[in-house]
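Novice: One structure, pasted below without further comment.
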Number of protein chains: 2
Amino acid sequence: MADQSTEEGLAFAPQFGADGLITAVVTDAKSGDVLMVAHMNKDALAKTIESGEAWYYSRSRKQLWKKGESSGHVQRVIELRVDCDQDALWLKVEQHGAGACHTGRRSCFYRAVPLRKSGVAKLEFRDAGKRFDADKAYGKKA
Amino acid sequence: MADQSTEEGLAFAPQFGADGLITAVVTDAKSGDVLMVAHMNKDALAKTIESGEAWYYSRSRKQLWKKGESSGHVQRVIELRVDCDQDALWLKVEQHGAGACHTGRRSCFYRAVPLRKSGVAKLEFRDAGKRFDADKAYGKKA
C-alpha cells in the first residue's frame with residue numbers, strides 16, 4: 001500500500017519499478033479504446049510532459065523511443081493521469097495516422113478471449129482489420 | 001518482438017513475466033474510462049475466464065484476490081482482450097458499487113499531470129470525488 005501523501009497529495013512522485021520503468025496505458029481520447037500498453041523510463045516521461053507527444057522506452061530494443069518516429073503515427077497527449085499509488089500512467093491521446101499497433105492495426109488489442117468457458121481458450125478477432133502496411137511504415141525490407 | 005503466431009494466431013498464450021504476473025488494464029465498459037491497472041497470475045486469469053468476474057493477484061498482499069470480495073464492488077467482465085505480443089490484458093467491465101479504487105473513488109486515475117511544462121510537476125485533481133467510505137467498505141477500524 002502506498003502512503004497517504006502518495007495517494008492524496010499533489011506532488012508527482014512516479015514510482016518506477018526495479019527495472020526503472022513505469023507502465024503506461026494509452027487510450028484513444030475520442031473512442032476510449034485502449035490502443036496499447038507501453039513503458040516509460042524517467043527520460044521518456046520527462047520528454048512526454050515537455051513536448052506533449054508520447055515517448056516510451058522499448059524493452060526489446062532497450063532504448064528511448066518517440067512513438068511514430070518511424071511510422072509517422074505520433075500520439076498527441078490530450079491528458080496524462082497517474083493512479084492512486086503512482087505506479088501507473090494513463091495517456092489519453094489523439095492518434096495520428098492509421099494506427100498505434102506495429103502489426104498495422106488501430107489498437108494492439110485486436111483479439112478477445114471468450115469468457116465463462118473452461119478448457120483451452122481460442123481467441124476471436126475483434127476490430128482486427130489492418131489500417132496500414134506495417135512493413136512499409138517501419139521500413140522493413142521484404 | 002513476439003513471433004508471428006503469437007501476434008496473428010488464435011491460440012491464447014498469455015506471456016506472464018518473470019514474477020508470474022501479467023498486466024491487466026481495466027476500463028469501464030460504458031464510459032471507456034480507465035478504472036485501474038492490476039496484475040493477474042495464472043490462477044487469477046483462469047478464475048476470471050471461468051466466472052466472468054474479475055480476479056487479480058495482489059503484489060502487496062501476495063495473494064489471489066477477487067475484486068469486490070471485501071467491498072462488494074465486484075467487476076463483471078463484458079469483454080477480455082489480449083494485446084499483440086500477449087503480455088497485457090484489457091478488461092472492459094461493468095463496475096458494481098460505487099467505485100474501483102481503494103481510496104473510495106470511481107477510478108484510480110483521479111489526478112492529472114500538467115503537460116508542456118518544464119520543472120517539477122504539481123498534480124491536479126480530476127473526477128476525484130469520493131463515492132464511498134473506504135474505511136467502511138474495507139472494514140478498517142478507525
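Scheme for the C-alpha cells: letters A, B, ... for chains in order shown; per-chain residue numbers from 1; ligand numbers from 1 in order shown.
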Distance limit 9 Å, atoms considered: only C-alpha atoms. Which chain A residues sit that close to chain B? Return them as a PyMOL selection string.

Specialist: chain A and resi 1+7-12+23+25+27+31-34+36-37+46+48-52+60-61+77-85+88-90+101-103+107-118+120-126

Novice: Run DSSP on the backbone and tell me which residues of chain B come out as helix (DSSP H, G or I); list them as a PyMOL selection string.

Specialist: chain B and resi 4-8+42-51+134-137

Novice: Between A:Asp135, A:Asp19, A:Glu69, A:Asp43, which has the minimum distance to A:Gly104 (counting only C-alpha atoms)?

Specialist: A:Asp135

Novice: Which is closest to A:His39 among A:Arg131, A:Arg106, A:Arg76, A:Lys62, if we use only C-alpha atoms?

Specialist: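 Of the candidates, the smallest distance to A:His39 is held by A:Lys62.
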
Novice: Find the residues near B:Tyr57: any atom within 8 Å, counting only C-alpha atoms, skip ones fewer than 5 places away on the same chain, and give them as a PyMOL selection string.

Specialist: chain B and resi 21+38-41+44+62-65

Novice: Could you write out that same residue set with C-alpha atoms as a PDB file, in the first residue's frame?

Specialist:
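Dumped to again.pdb:
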ATOM      1  CA  LEU B  21       2.235 -11.882 -13.497  1.00  0.00           C
ATOM      2  CA  ALA B  38      -3.845  -4.544 -11.838  1.00  0.00           C
ATOM      3  CA  HIS B  39      -1.993  -7.820 -12.216  1.00  0.00           C
ATOM      4  CA  MET B  40      -3.048 -11.421 -12.705  1.00  0.00           C
ATOM      5  CA  ASN B  41      -1.259 -14.675 -12.122  1.00  0.00           C
ATOM      6  CA  ALA B  44      -6.491 -15.197 -11.315  1.00  0.00           C
ATOM      7  CA  LYS B  62       0.899 -11.677  -2.133  1.00  0.00           C
ATOM      8  CA  GLN B  63      -2.408 -13.399  -2.694  1.00  0.00           C
ATOM      9  CA  LEU B  64      -5.153 -14.155  -5.163  1.00  0.00           C
ATOM     10  CA  TRP B  65      -7.928 -11.629  -4.804  1.00  0.00           C
TER      11      TRP B  65
END

Novice: Please identify which residues in chain A DSSP calls strand (DSSP E) from the backbone, and express them as a ChimeraX atom specification.

Specialist: /A:22-28,34-40,55-58,63-66,75-82,88-95,111-112,124-125

Novice: Between atom CA of A:Ser70 and atom CA of B:Pro14, measure the distance and give it in Å to one decimal.

Specialist: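 Separating atom CA of A:Ser70 from atom CA of B:Pro14 is a distance of 27.9 Å.
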
Novice: Quick check, in Å to one decimal: how far apart do atom CA of B:Ala98 and atom CA of B:Asp127 lie?

Specialist: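 Straight-line distance from atom CA of B:Ala98 to atom CA of B:Asp127 works out to 13.3 Å.
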
Novice: Closest to A:His73 among A:Ile22, A:Tyr138, A:Phe132, A:Gly99, using only C-alpha atoms?

Specialist: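 Closest candidate: A:Gly99.
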
Novice: For atom CA of A:Ala100 and atom CA of A:Ser71, determine how far apart the two atoms are, in Å to one decimal place.

Specialist: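 Atom-to-atom, atom CA of A:Ala100 and atom CA of A:Ser71 are spaced 9.5 Å apart.
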